[in-house]
Structures are given as structure tokens and as C-alpha cells.
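To start, the structure itself, in C-alpha cells.
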Amino acid sequence: MSKRIGVIFLGPPGSGKGTQAAKLAESLTIPHISTGEILRQAITEKTELGQQAQAYVEKGELVPDELLLGLIQERLKQPDSAKGWILDGFPRTVAQASFLDALLEELADSYTFVLNLAVPDTVLIERLMQRGRQDDTQETIARRLQVYIDQTAPVLDYYGQKGTLNHIDGNQPLDAVTAALTAVVTPG
Ligand code: AMP
């Protein structure tokens with residue numbers, strides 16, 4: 001039996017999923033695969049991917065699938081993913097979720113947990129305004145939240161129907177969120 005742990009981390013922008021996913025990855029010693037981080041690094045390094053993705057990221061739009069799907073495929077095939085992985089920021093559409101299902105099947109892998117960090121909209125906006133990332137301007141924040149509602153929230157239903165979705169209250173102190181997540185991922 002495989003002991004891999006595959007965690008899919010869902011949650012709106014500003015829910016704290018990046019921070020929590022990084023902590024969880026460290027405690028489980030598995031890679032934290034954040035598509036947003038990969039894109040931001042590519043933009044900073046001005047790679048081909050970065051140049052193609054930049055305008056989308058800056059506007060708060062989703063980057064086209066053709067820039068991301070191959071990248072996820074390659075990343076999950078890396079040897080360090082053999083023990084498990086945490087996906088943060090992917091899938092962000094139902095189409096990406098079904099791509100991921102097919103990919104995992106091809107790799108004879110599977111996800112173990114789907115976690116959603118739930119945080120009220122008013123709190124999200126407050127947090128994003130304070131964060132000060134380059135794509136955290138007022139206009140981009142509004143667009144990212146709308147894109148989340150339109151394109152990413154349906155992903156919750158996708159996993160909900162499969163009965164694999166765990167909701168965690170993300171509107172509590174950071175350590176309490178970590179404890180709640182850890183309790184789901186490492187029960188007993
Ligand atoms: P994040 O760090 O997850 O908030 O992502 C930052 C930005 O990267 C998003 O606003 C999108 O422009 C882009 N991005 C990250 N993940 C994806 C994805 N799975 N599909 C499309 N665009 C993405």
C-alpha cells in the first residue's frame with residue numbers, strides 16, 4: 001500500500017491557504033506546490049512562462065490552462081512528489097479539477113484530503129488590503145474575489161459531490177487554524 005498523502009488546498013484569496021499549506025508541508029515533509037508562487041517566481045525571473053503569465057496575474061485573472069497544466073504534470077512527476085504533495089492554488093476551475101483527476105490516475109497516484117479554508121468576504125478583503133503583495137491592489141483584489149466566486153467556488157461542489165471535502169474555519173488565530181488542519185490530516 002502506498003503511504004502517499006496528497007492534499008488539495010482550496011480557499012479564496014486571503015484565506016491563509018498559502019501560509020497554512022507551507023506549514024503543513026513542512027510538518028509532513030512533503031512538497032508544497034503553489035501555482036501562484038511558481039508564477040510569481042517566473043515573473044520575477046522573467047522566464048518565458050513569467051512573461052506569458054504576468055498580465056493575467058497582475059489583473060487578477062486566471063492564467064490560461066496551456067501555461068499551467070504541463071507544469072503541474074511535470075511537478076507531480078518529480079521524485080520528491082513520490083511521498084506526497086500539497087497543491088495550493090490548483091485546481092482553480094472544474095476543468096483543472098478533472099484534468100488533475102485524469103493526471104493522478106495516469107500517475108497511479110490519488111489525493112487523500114481536500115481542505116477548504118472558509119473565511120467571510122469582509123475579512124478576506126481586509127486581509128488582502130493589508131498584505132501588500134504586488135497583485136493586491138484594490139482593483140485586482142475585487143477581480144480575484146469575483147474570479148474565485150465565478151470559477152473556483154464550483155470546484156468546492158466538484159469535490160463535495162465526491163464526498164471528499166473538509167471545511168475548516170479559517171477565521172480564527174493562525175495556530176488554531178493549523179491545529180484544525182493537522183487534526184484532519186493526521187487523525188488520532
Ligand atoms: P495565488 O498565489 O494562489 O493567489 O495565485 C496568484 C495568481 O496566480 C492568481 O490570481 C492567478 O492569476 C494565478 N494562478 C495561480 N494558480 C492558478 C491556477 N491554478 N490557474 C490559473 N491561474 C492561476
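Starting from 1 in every chain, residues are counted up; chains themselves are A, B, ... following the order of the C-alpha cells, and ligands are numbered from 1 as listed.
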Quick one: everything within 7 Å of stretch 74-86 of chain A, counting only C-alpha atoms, minus sequence neighbours fewer than 2 positions away in the same chain. Send it as a PDB file with all heavy atoms, in the first residue's frame.
```
ATOM      1  N   ARG A   4       1.457   7.578   0.359  1.00  0.00           N
ATOM      2  CA  ARG A   4       1.457   8.962  -0.084  1.00  0.00           C
ATOM      3  C   ARG A   4       0.298   9.732   0.517  1.00  0.00           C
ATOM      4  O   ARG A   4      -0.806   9.207   0.635  1.00  0.00           O
ATOM      5  CB  ARG A   4       1.272   9.017  -1.590  1.00  0.00           C
ATOM      6  CG  ARG A   4       2.399   8.445  -2.357  1.00  0.00           C
ATOM      7  CD  ARG A   4       2.040   8.574  -3.813  1.00  0.00           C
ATOM      8  NE  ARG A   4       2.778   7.607  -4.591  1.00  0.00           N
ATOM      9  CZ  ARG A   4       2.845   7.656  -5.901  1.00  0.00           C
ATOM     10  NH1 ARG A   4       2.211   8.607  -6.556  1.00  0.00           N
ATOM     11  NH2 ARG A   4       3.537   6.767  -6.553  1.00  0.00           N
ATOM     12  N   ILE A   5       0.572  10.987   0.837  1.00  0.00           N
ATOM     13  CA  ILE A   5      -0.516  11.881   1.223  1.00  0.00           C
ATOM     14  C   ILE A   5      -0.606  12.953   0.155  1.00  0.00           C
ATOM     15  O   ILE A   5       0.377  13.625  -0.131  1.00  0.00           O
ATOM     16  CB  ILE A   5      -0.253  12.536   2.594  1.00  0.00           C
ATOM     17  CG1 ILE A   5      -0.552  11.545   3.713  1.00  0.00           C
ATOM     18  CG2 ILE A   5      -1.120  13.758   2.767  1.00  0.00           C
ATOM     19  CD1 ILE A   5      -0.669  12.201   5.073  1.00  0.00           C
ATOM     20  N   GLY A   6      -1.748  13.077  -0.449  1.00  0.00           N
ATOM     21  CA  GLY A   6      -1.967  14.143  -1.420  1.00  0.00           C
ATOM     22  C   GLY A   6      -3.016  15.084  -0.867  1.00  0.00           C
ATOM     23  O   GLY A   6      -4.126  14.662  -0.567  1.00  0.00           O
ATOM     24  N   VAL A   7      -2.640  16.340  -0.690  1.00  0.00           N
ATOM     25  CA  VAL A   7      -3.575  17.310  -0.130  1.00  0.00           C
ATOM     26  C   VAL A   7      -3.896  18.373  -1.173  1.00  0.00           C
ATOM     27  O   VAL A   7      -2.986  18.980  -1.738  1.00  0.00           O
ATOM     28  CB  VAL A   7      -2.995  17.996   1.130  1.00  0.00           C
ATOM     29  CG1 VAL A   7      -3.987  19.017   1.683  1.00  0.00           C
ATOM     30  CG2 VAL A   7      -2.635  16.977   2.197  1.00  0.00           C
ATOM     31  N   ILE A   8      -5.165  18.568  -1.408  1.00  0.00           N
ATOM     32  CA  ILE A   8      -5.608  19.657  -2.276  1.00  0.00           C
ATOM     33  C   ILE A   8      -6.150  20.753  -1.373  1.00  0.00           C
ATOM     34  O   ILE A   8      -7.081  20.528  -0.599  1.00  0.00           O
ATOM     35  CB  ILE A   8      -6.705  19.174  -3.249  1.00  0.00           C
ATOM     36  CG1 ILE A   8      -6.121  18.122  -4.203  1.00  0.00           C
ATOM     37  CG2 ILE A   8      -7.278  20.353  -4.030  1.00  0.00           C
ATOM     38  CD1 ILE A   8      -7.168  17.476  -5.098  1.00  0.00           C
ATOM     39  N   PHE A   9      -5.511  21.916  -1.473  1.00  0.00           N
ATOM     40  CA  PHE A   9      -5.852  23.021  -0.590  1.00  0.00           C
ATOM     41  C   PHE A   9      -6.698  24.037  -1.328  1.00  0.00           C
ATOM     42  O   PHE A   9      -6.214  24.663  -2.267  1.00  0.00           O
ATOM     43  CB  PHE A   9      -4.559  23.700  -0.145  1.00  0.00           C
ATOM     44  CG  PHE A   9      -4.477  23.904   1.321  1.00  0.00           C
ATOM     45  CD1 PHE A   9      -3.608  23.160   2.085  1.00  0.00           C
ATOM     46  CD2 PHE A   9      -5.284  24.847   1.930  1.00  0.00           C
ATOM     47  CE1 PHE A   9      -3.533  23.338   3.453  1.00  0.00           C
ATOM     48  CE2 PHE A   9      -5.220  25.031   3.291  1.00  0.00           C
ATOM     49  CZ  PHE A   9      -4.339  24.276   4.056  1.00  0.00           C
ATOM     50  N   ALA A  21      -0.641  25.984   4.033  1.00  0.00           N
ATOM     51  CA  ALA A  21      -0.135  24.888   3.196  1.00  0.00           C
ATOM     52  C   ALA A  21       1.367  24.725   3.411  1.00  0.00           C
ATOM     53  O   ALA A  21       1.873  23.601   3.498  1.00  0.00           O
ATOM     54  CB  ALA A  21      -0.443  25.164   1.723  1.00  0.00           C
ATOM     55  N   ALA A  25       3.041  21.361   4.866  1.00  0.00           N
ATOM     56  CA  ALA A  25       4.033  20.672   4.029  1.00  0.00           C
ATOM     57  C   ALA A  25       5.305  20.425   4.835  1.00  0.00           C
ATOM     58  O   ALA A  25       5.913  19.356   4.749  1.00  0.00           O
ATOM     59  CB  ALA A  25       4.347  21.506   2.791  1.00  0.00           C
ATOM     60  N   ILE A  30       6.546  16.976   2.963  1.00  0.00           N
ATOM     61  CA  ILE A  30       6.187  16.742   1.561  1.00  0.00           C
ATOM     62  C   ILE A  30       6.205  18.090   0.836  1.00  0.00           C
ATOM     63  O   ILE A  30       6.099  19.138   1.482  1.00  0.00           O
ATOM     64  CB  ILE A  30       4.792  16.058   1.428  1.00  0.00           C
ATOM     65  CG1 ILE A  30       3.705  16.847   2.165  1.00  0.00           C
ATOM     66  CG2 ILE A  30       4.846  14.626   1.932  1.00  0.00           C
ATOM     67  CD1 ILE A  30       2.308  16.236   2.051  1.00  0.00           C
ATOM     68  N   PRO A  31       6.389  18.084  -0.497  1.00  0.00           N
ATOM     69  CA  PRO A  31       6.491  19.362  -1.201  1.00  0.00           C
ATOM     70  C   PRO A  31       5.200  20.187  -1.195  1.00  0.00           C
ATOM     71  O   PRO A  31       4.111  19.619  -1.284  1.00  0.00           O
ATOM     72  CB  PRO A  31       6.867  18.973  -2.628  1.00  0.00           C
ATOM     73  CG  PRO A  31       6.841  17.507  -2.723  1.00  0.00           C
ATOM     74  CD  PRO A  31       6.641  16.925  -1.366  1.00  0.00           C
ATOM     75  N   HIS A  32       5.385  21.477  -1.084  1.00  0.00           N
ATOM     76  CA  HIS A  32       4.295  22.447  -1.163  1.00  0.00           C
ATOM     77  C   HIS A  32       4.316  23.013  -2.574  1.00  0.00           C
ATOM     78  O   HIS A  32       5.246  23.711  -2.936  1.00  0.00           O
ATOM     79  CB  HIS A  32       4.533  23.550  -0.120  1.00  0.00           C
ATOM     80  CG  HIS A  32       3.620  24.729  -0.244  1.00  0.00           C
ATOM     81  ND1 HIS A  32       4.001  26.000   0.125  1.00  0.00           N
ATOM     82  CD2 HIS A  32       2.351  24.833  -0.687  1.00  0.00           C
ATOM     83  CE1 HIS A  32       2.987  26.840  -0.084  1.00  0.00           C
ATOM     84  NE2 HIS A  32       1.984  26.155  -0.581  1.00  0.00           N
ATOM     85  N   ILE A  33       3.317  22.672  -3.346  1.00  0.00           N
ATOM     86  CA  ILE A  33       3.294  23.096  -4.742  1.00  0.00           C
ATOM     87  C   ILE A  33       2.258  24.200  -4.894  1.00  0.00           C
ATOM     88  O   ILE A  33       1.053  23.947  -4.901  1.00  0.00           O
ATOM     89  CB  ILE A  33       2.964  21.903  -5.673  1.00  0.00           C
ATOM     90  CG1 ILE A  33       3.973  20.762  -5.434  1.00  0.00           C
ATOM     91  CG2 ILE A  33       2.961  22.352  -7.132  1.00  0.00           C
ATOM     92  CD1 ILE A  33       3.626  19.453  -6.152  1.00  0.00           C
ATOM     93  N   GLY A  70       0.777  21.549 -18.087  1.00  0.00           N
ATOM     94  CA  GLY A  70       2.024  20.801 -18.303  1.00  0.00           C
ATOM     95  C   GLY A  70       2.950  20.934 -17.105  1.00  0.00           C
ATOM     96  O   GLY A  70       3.642  19.988 -16.708  1.00  0.00           O
ATOM     97  N   LEU A  71       2.917  22.133 -16.540  1.00  0.00           N
ATOM     98  CA  LEU A  71       3.772  22.420 -15.388  1.00  0.00           C
ATOM     99  C   LEU A  71       3.395  21.556 -14.173  1.00  0.00           C
ATOM    100  O   LEU A  71       4.255  21.004 -13.489  1.00  0.00           O
ATOM    101  CB  LEU A  71       3.579  23.906 -15.092  1.00  0.00           C
ATOM    102  CG  LEU A  71       4.444  24.655 -14.133  1.00  0.00           C
ATOM    103  CD1 LEU A  71       4.594  26.083 -14.643  1.00  0.00           C
ATOM    104  CD2 LEU A  71       3.829  24.672 -12.761  1.00  0.00           C
ATOM    105  N   ILE A  72       2.105  21.423 -13.929  1.00  0.00           N
ATOM    106  CA  ILE A  72       1.631  20.584 -12.818  1.00  0.00           C
ATOM    107  C   ILE A  72       2.005  19.119 -13.069  1.00  0.00           C
ATOM    108  O   ILE A  72       2.474  18.401 -12.172  1.00  0.00           O
ATOM    109  CB  ILE A  72       0.090  20.715 -12.667  1.00  0.00           C
ATOM    110  CG1 ILE A  72      -0.257  22.079 -12.087  1.00  0.00           C
ATOM    111  CG2 ILE A  72      -0.504  19.598 -11.807  1.00  0.00           C
ATOM    112  CD1 ILE A  72       0.122  22.258 -10.626  1.00  0.00           C
ATOM    113  N   ASP A  88      -1.512  23.901  -3.695  1.00  0.00           N
ATOM    114  CA  ASP A  88      -2.068  25.143  -3.170  1.00  0.00           C
ATOM    115  C   ASP A  88      -2.330  26.072  -4.364  1.00  0.00           C
ATOM    116  O   ASP A  88      -1.395  26.471  -5.043  1.00  0.00           O
ATOM    117  CB  ASP A  88      -1.036  25.717  -2.175  1.00  0.00           C
ATOM    118  CG  ASP A  88      -1.214  27.196  -1.891  1.00  0.00           C
ATOM    119  OD1 ASP A  88      -2.255  27.770  -2.216  1.00  0.00           O
ATOM    120  OD2 ASP A  88      -0.253  27.781  -1.320  1.00  0.00           O
TER     121      ASP A  88
END
```
Could you give me the residues within 6 Å of ligand 1, counting only C-alpha atoms and all ligand atoms, as an MDAnalysis selection string?
chainID A and resid 13 35:37 56:57 60:63 89:92 144
Please produce an output containing all heavy atoms for each residue in the selection, written as a short mmCIF file (atom, residue, chain, number, x, y, z; two decimals), in the first residue's frame.
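Contents of out.cif, as written:
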```cif
data_model
loop_
_atom_site.label_atom_id
_atom_site.label_comp_id
_atom_site.auth_asym_id
_atom_site.auth_seq_id
_atom_site.Cartn_x
_atom_site.Cartn_y
_atom_site.Cartn_z
N PRO A 13 -8.80 33.76 -2.15
CA PRO A 13 -7.62 34.58 -1.92
C PRO A 13 -7.74 35.27 -0.57
O PRO A 13 -8.80 35.78 -0.22
CB PRO A 13 -7.65 35.61 -3.07
CG PRO A 13 -8.93 35.45 -3.79
CD PRO A 13 -9.54 34.14 -3.37
N THR A 35 0.91 27.07 -7.23
CA THR A 35 0.99 27.60 -8.61
C THR A 35 1.20 29.11 -8.59
O THR A 35 1.94 29.63 -9.43
CB THR A 35 -0.28 27.23 -9.41
OG1 THR A 35 -1.43 27.43 -8.60
CG2 THR A 35 -0.24 25.79 -9.87
N GLY A 36 0.60 29.80 -7.63
CA GLY A 36 0.80 31.25 -7.53
C GLY A 36 2.27 31.58 -7.29
O GLY A 36 2.83 32.48 -7.92
N GLU A 37 2.92 30.82 -6.39
CA GLU A 37 4.35 31.04 -6.09
C GLU A 37 5.21 30.76 -7.33
O GLU A 37 6.15 31.50 -7.62
CB GLU A 37 4.82 30.09 -4.97
CG GLU A 37 4.65 30.61 -3.57
CD GLU A 37 5.29 31.98 -3.37
OE1 GLU A 37 6.40 32.21 -3.89
OE2 GLU A 37 4.65 32.83 -2.72
N TYR A 56 -1.89 38.42 -16.82
CA TYR A 56 -3.04 37.77 -16.17
C TYR A 56 -2.97 37.93 -14.66
O TYR A 56 -3.94 38.28 -14.00
CB TYR A 56 -3.09 36.28 -16.52
CG TYR A 56 -3.30 36.01 -18.00
CD1 TYR A 56 -2.21 35.73 -18.83
CD2 TYR A 56 -4.57 36.02 -18.55
CE1 TYR A 56 -2.39 35.47 -20.18
CE2 TYR A 56 -4.77 35.76 -19.90
CZ TYR A 56 -3.68 35.49 -20.71
OH TYR A 56 -3.86 35.23 -22.04
N VAL A 57 -1.79 37.62 -14.11
CA VAL A 57 -1.62 37.68 -12.66
C VAL A 57 -1.86 39.11 -12.16
O VAL A 57 -2.55 39.33 -11.17
CB VAL A 57 -0.21 37.17 -12.24
CG1 VAL A 57 0.02 37.39 -10.76
CG2 VAL A 57 -0.05 35.70 -12.61
N GLY A 60 -5.44 39.92 -11.95
CA GLY A 60 -6.26 39.06 -11.09
C GLY A 60 -7.06 38.04 -11.88
O GLY A 60 -7.99 37.43 -11.38
N GLU A 61 -6.67 37.86 -13.15
CA GLU A 61 -7.35 36.86 -13.99
C GLU A 61 -6.62 35.52 -13.84
O GLU A 61 -5.45 35.47 -13.46
CB GLU A 61 -7.28 37.27 -15.47
CG GLU A 61 -7.93 38.60 -15.79
CD GLU A 61 -9.45 38.58 -15.63
OE1 GLU A 61 -10.03 37.48 -15.58
OE2 GLU A 61 -10.04 39.67 -15.53
N LEU A 62 -7.30 34.45 -14.22
CA LEU A 62 -6.63 33.16 -14.22
C LEU A 62 -5.70 33.06 -15.42
O LEU A 62 -6.03 33.51 -16.52
CB LEU A 62 -7.65 32.01 -14.27
CG LEU A 62 -8.57 31.87 -13.07
CD1 LEU A 62 -9.43 30.62 -13.21
CD2 LEU A 62 -7.77 31.82 -11.77
N VAL A 63 -4.56 32.46 -15.20
CA VAL A 63 -3.60 32.20 -16.27
C VAL A 63 -4.17 31.05 -17.13
O VAL A 63 -4.76 30.12 -16.58
CB VAL A 63 -2.25 31.82 -15.59
CG1 VAL A 63 -1.29 31.21 -16.56
CG2 VAL A 63 -1.65 33.05 -14.92
N GLY A 89 -3.59 26.35 -4.63
CA GLY A 89 -3.93 27.23 -5.76
C GLY A 89 -4.24 26.47 -7.03
O GLY A 89 -4.50 27.07 -8.06
N PHE A 90 -4.22 25.18 -6.97
CA PHE A 90 -4.58 24.33 -8.10
C PHE A 90 -5.32 23.11 -7.55
O PHE A 90 -4.83 22.50 -6.61
CB PHE A 90 -3.32 23.88 -8.85
CG PHE A 90 -3.63 23.19 -10.15
CD1 PHE A 90 -3.60 23.89 -11.34
CD2 PHE A 90 -3.98 21.85 -10.18
CE1 PHE A 90 -3.92 23.27 -12.55
CE2 PHE A 90 -4.31 21.22 -11.37
CZ PHE A 90 -4.26 21.93 -12.56
N PRO A 91 -6.45 22.70 -8.08
CA PRO A 91 -7.16 23.28 -9.22
C PRO A 91 -7.99 24.51 -8.85
O PRO A 91 -8.47 24.63 -7.73
CB PRO A 91 -8.09 22.13 -9.64
CG PRO A 91 -8.34 21.36 -8.39
CD PRO A 91 -7.09 21.47 -7.57
N ARG A 92 -8.15 25.39 -9.81
CA ARG A 92 -8.90 26.62 -9.61
C ARG A 92 -10.14 26.69 -10.49
O ARG A 92 -10.88 27.66 -10.44
CB ARG A 92 -8.01 27.80 -9.96
CG ARG A 92 -7.67 28.70 -8.78
CD ARG A 92 -6.83 29.82 -9.35
NE ARG A 92 -6.62 30.92 -8.45
CZ ARG A 92 -5.64 30.98 -7.57
NH1 ARG A 92 -4.81 29.99 -7.42
NH2 ARG A 92 -5.49 32.06 -6.84
N ARG A 144 -10.01 39.33 -8.28
CA ARG A 144 -9.65 37.97 -7.83
C ARG A 144 -10.80 37.32 -7.06
O ARG A 144 -11.06 36.14 -7.20
CB ARG A 144 -8.37 37.99 -6.98
CG ARG A 144 -7.14 38.40 -7.78
CD ARG A 144 -5.89 37.64 -7.43
NE ARG A 144 -5.57 37.59 -6.02
CZ ARG A 144 -4.99 38.59 -5.35
NH1 ARG A 144 -4.66 39.70 -5.94
NH2 ARG A 144 -4.73 38.45 -4.07
#
```
Could you build a table of the residues in stretch 11-97 of chain A lying no more than 12 Å from stretch 169-178 of chain A, giving for each the nearest pair of atoms and their separation in Å rounded to one decimal place, using only C-alpha atoms, ordered by chain and ascending residue number, as a tab-separated table?
```
residue	atom	partner	partner_atom	distance
A:Gly11	CA	A:Gly170	CA	9.0
A:Pro12	CA	A:Gly170	CA	10.3
A:Pro13	CA	A:Gly170	CA	11.7
A:Gly14	CA	A:Gly170	CA	9.8
A:Ser15	CA	A:Gly170	CA	6.3
A:Gly16	CA	A:Gly170	CA	7.2
A:Lys17	CA	A:Gly170	CA	8.6
A:Gly18	CA	A:Thr178	CA	11.9
A:Thr19	CA	A:Leu174	CA	8.9
A:Gln20	CA	A:Thr178	CA	6.4
A:Ala21	CA	A:Thr178	CA	9.2
A:Ala22	CA	A:Thr178	CA	10.5
A:Lys23	CA	A:Thr178	CA	7.7
A:Leu24	CA	A:Thr178	CA	7.7
A:Ala25	CA	A:Thr178	CA	11.4
A:Glu26	CA	A:Thr178	CA	11.9
A:Ser27	CA	A:Thr178	CA	10.6
```
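Counting only C-alpha atoms, the residue from A:Val119, A:Leu87, A:Ile141, A:Ile125 that sits nearest to A:Lys59 is A:Ile141.
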Top pick for closest residue to A:Val184, considering A:Gln134, A:Ala118, A:Met129, A:Phe113 and counting only C-alpha atoms:
A:Phe113
Give the answer as one residue: which of A:Leu181, A:Lys162, A:Arg143, A:Thr137 has the shortest atom-to-atom distance to A:Leu115, using only C-alpha atoms?
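Among A:Leu181, A:Lys162, A:Arg143, A:Thr137, it is A:Leu181 that comes nearest to A:Leu115.
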With DSSP run on the backbone, what are the helix (DSSP H, G or I) residues within stretch 68-185 of chain A? I'd like them as number ranges by chain.
A: 68-77, 79-83, 94-106, 121-131, 138-162, 174-185
Write a file of the selected residues as a tab-separated table (two decimals), in the first residue's frame, keeping C-alpha atoms.
```tsv
chain	number	residue	atom	x	y	z
A	68	LEU	CA	-0.13	25.58	-16.21
A	69	LEU	CA	-1.29	22.06	-16.92
A	70	GLY	CA	2.02	20.80	-18.30
A	71	LEU	CA	3.77	22.42	-15.39
A	72	ILE	CA	1.63	20.58	-12.82
A	73	GLN	CA	2.15	17.35	-14.70
A	74	GLU	CA	5.94	17.76	-14.62
A	75	ARG	CA	5.93	18.81	-10.97
A	76	LEU	CA	3.94	15.79	-9.80
A	77	LYS	CA	6.31	13.52	-11.69
A	79	PRO	CA	10.85	12.27	-7.37
A	80	ASP	CA	10.10	14.39	-4.30
A	81	SER	CA	6.38	14.08	-5.03
A	82	ALA	CA	6.55	10.33	-4.51
A	83	LYS	CA	5.95	10.67	-0.79
A	94	VAL	CA	-13.67	22.47	-12.60
A	95	ALA	CA	-11.76	21.81	-15.84
A	96	GLN	CA	-8.47	21.85	-13.88
A	97	ALA	CA	-10.00	19.51	-11.29
A	98	SER	CA	-10.94	16.94	-13.90
A	99	PHE	CA	-7.52	17.33	-15.54
A	100	LEU	CA	-5.99	16.60	-12.14
A	101	ASP	CA	-8.16	13.51	-11.67
A	102	ALA	CA	-7.00	12.13	-15.03
A	103	LEU	CA	-3.37	13.01	-14.32
A	104	LEU	CA	-3.39	11.33	-10.90
A	105	GLU	CA	-4.92	8.24	-12.40
A	106	GLU	CA	-2.20	8.16	-15.04
A	121	ASP	CA	-15.62	38.01	2.41
A	122	THR	CA	-15.27	41.09	4.61
A	123	VAL	CA	-12.33	39.50	6.42
A	124	LEU	CA	-10.74	38.44	3.12
A	125	ILE	CA	-10.80	41.97	1.74
A	126	GLU	CA	-9.31	43.36	4.96
A	127	ARG	CA	-6.52	40.79	4.93
A	128	LEU	CA	-5.71	41.26	1.25
A	129	MET	CA	-5.57	45.04	1.64
A	130	GLN	CA	-3.04	44.62	4.44
A	131	ARG	CA	-0.90	42.01	2.71
A	138	GLN	CA	-7.89	47.33	-4.67
A	139	GLU	CA	-8.95	46.69	-8.26
A	140	THR	CA	-7.12	43.37	-8.56
A	141	ILE	CA	-8.43	42.16	-5.21
A	142	ALA	CA	-12.01	42.79	-6.35
A	143	ARG	CA	-11.33	40.93	-9.58
A	144	ARG	CA	-9.65	37.97	-7.83
A	145	LEU	CA	-12.60	37.58	-5.47
A	146	GLN	CA	-15.03	37.70	-8.41
A	147	VAL	CA	-12.95	35.16	-10.36
A	148	TYR	CA	-12.99	32.98	-7.25
A	149	ILE	CA	-16.79	33.16	-6.99
A	150	ASP	CA	-17.36	32.51	-10.70
A	151	GLN	CA	-14.70	29.95	-11.50
A	152	THR	CA	-13.21	28.47	-8.34
A	153	ALA	CA	-16.17	28.13	-5.95
A	154	PRO	CA	-17.69	25.46	-8.28
A	155	VAL	CA	-14.61	23.33	-7.53
A	156	LEU	CA	-15.97	23.00	-3.97
A	157	ASP	CA	-19.12	21.38	-5.37
A	158	TYR	CA	-17.00	19.14	-7.57
A	159	TYR	CA	-15.21	17.64	-4.56
A	160	GLY	CA	-18.26	17.97	-2.30
A	161	GLN	CA	-20.18	15.64	-4.59
A	162	LYS	CA	-17.41	13.09	-4.28
A	174	LEU	CA	-3.26	31.21	12.80
A	175	ASP	CA	-2.26	28.49	15.29
A	176	ALA	CA	-5.87	27.41	15.80
A	177	VAL	CA	-6.26	27.02	12.03
A	178	THR	CA	-3.05	24.97	11.89
A	179	ALA	CA	-4.30	22.75	14.71
A	180	ALA	CA	-7.65	22.21	12.99
A	181	LEU	CA	-5.95	21.31	9.71
A	182	THR	CA	-3.48	18.99	11.39
A	183	ALA	CA	-6.34	17.20	13.16
A	184	VAL	CA	-7.94	16.42	9.79
A	185	VAL	CA	-4.76	15.32	8.05
```
Spatial neighbours of A:Leu39, max dist 9 Å, only C-alpha atoms, sep filter under 5 positions, as a ChimeraX atom specification:
/A:34,44,49-50,53-54,57
Write the selection just made, keeping C-alpha atoms, as a compact mmCIF listing (two decimals), in the first residue's frame?
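After the write, part.txt holds the following:
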```txt
# COMPACT_ATOMS: atom_id res chain seq x y z
CA SER A 34 1.86 26.59 -5.05
CA THR A 44 10.48 37.86 -11.17
CA LEU A 49 6.35 31.38 -18.50
CA GLY A 50 6.68 34.55 -16.44
CA ALA A 53 1.62 34.88 -17.27
CA GLN A 54 2.41 38.38 -15.99
CA VAL A 57 -1.62 37.68 -12.66
```
Expected answer as a ChimeraX atom specification: strand (DSSP E or B) residues in stretch 39-163 of chain A:
/A:84-88,113-118
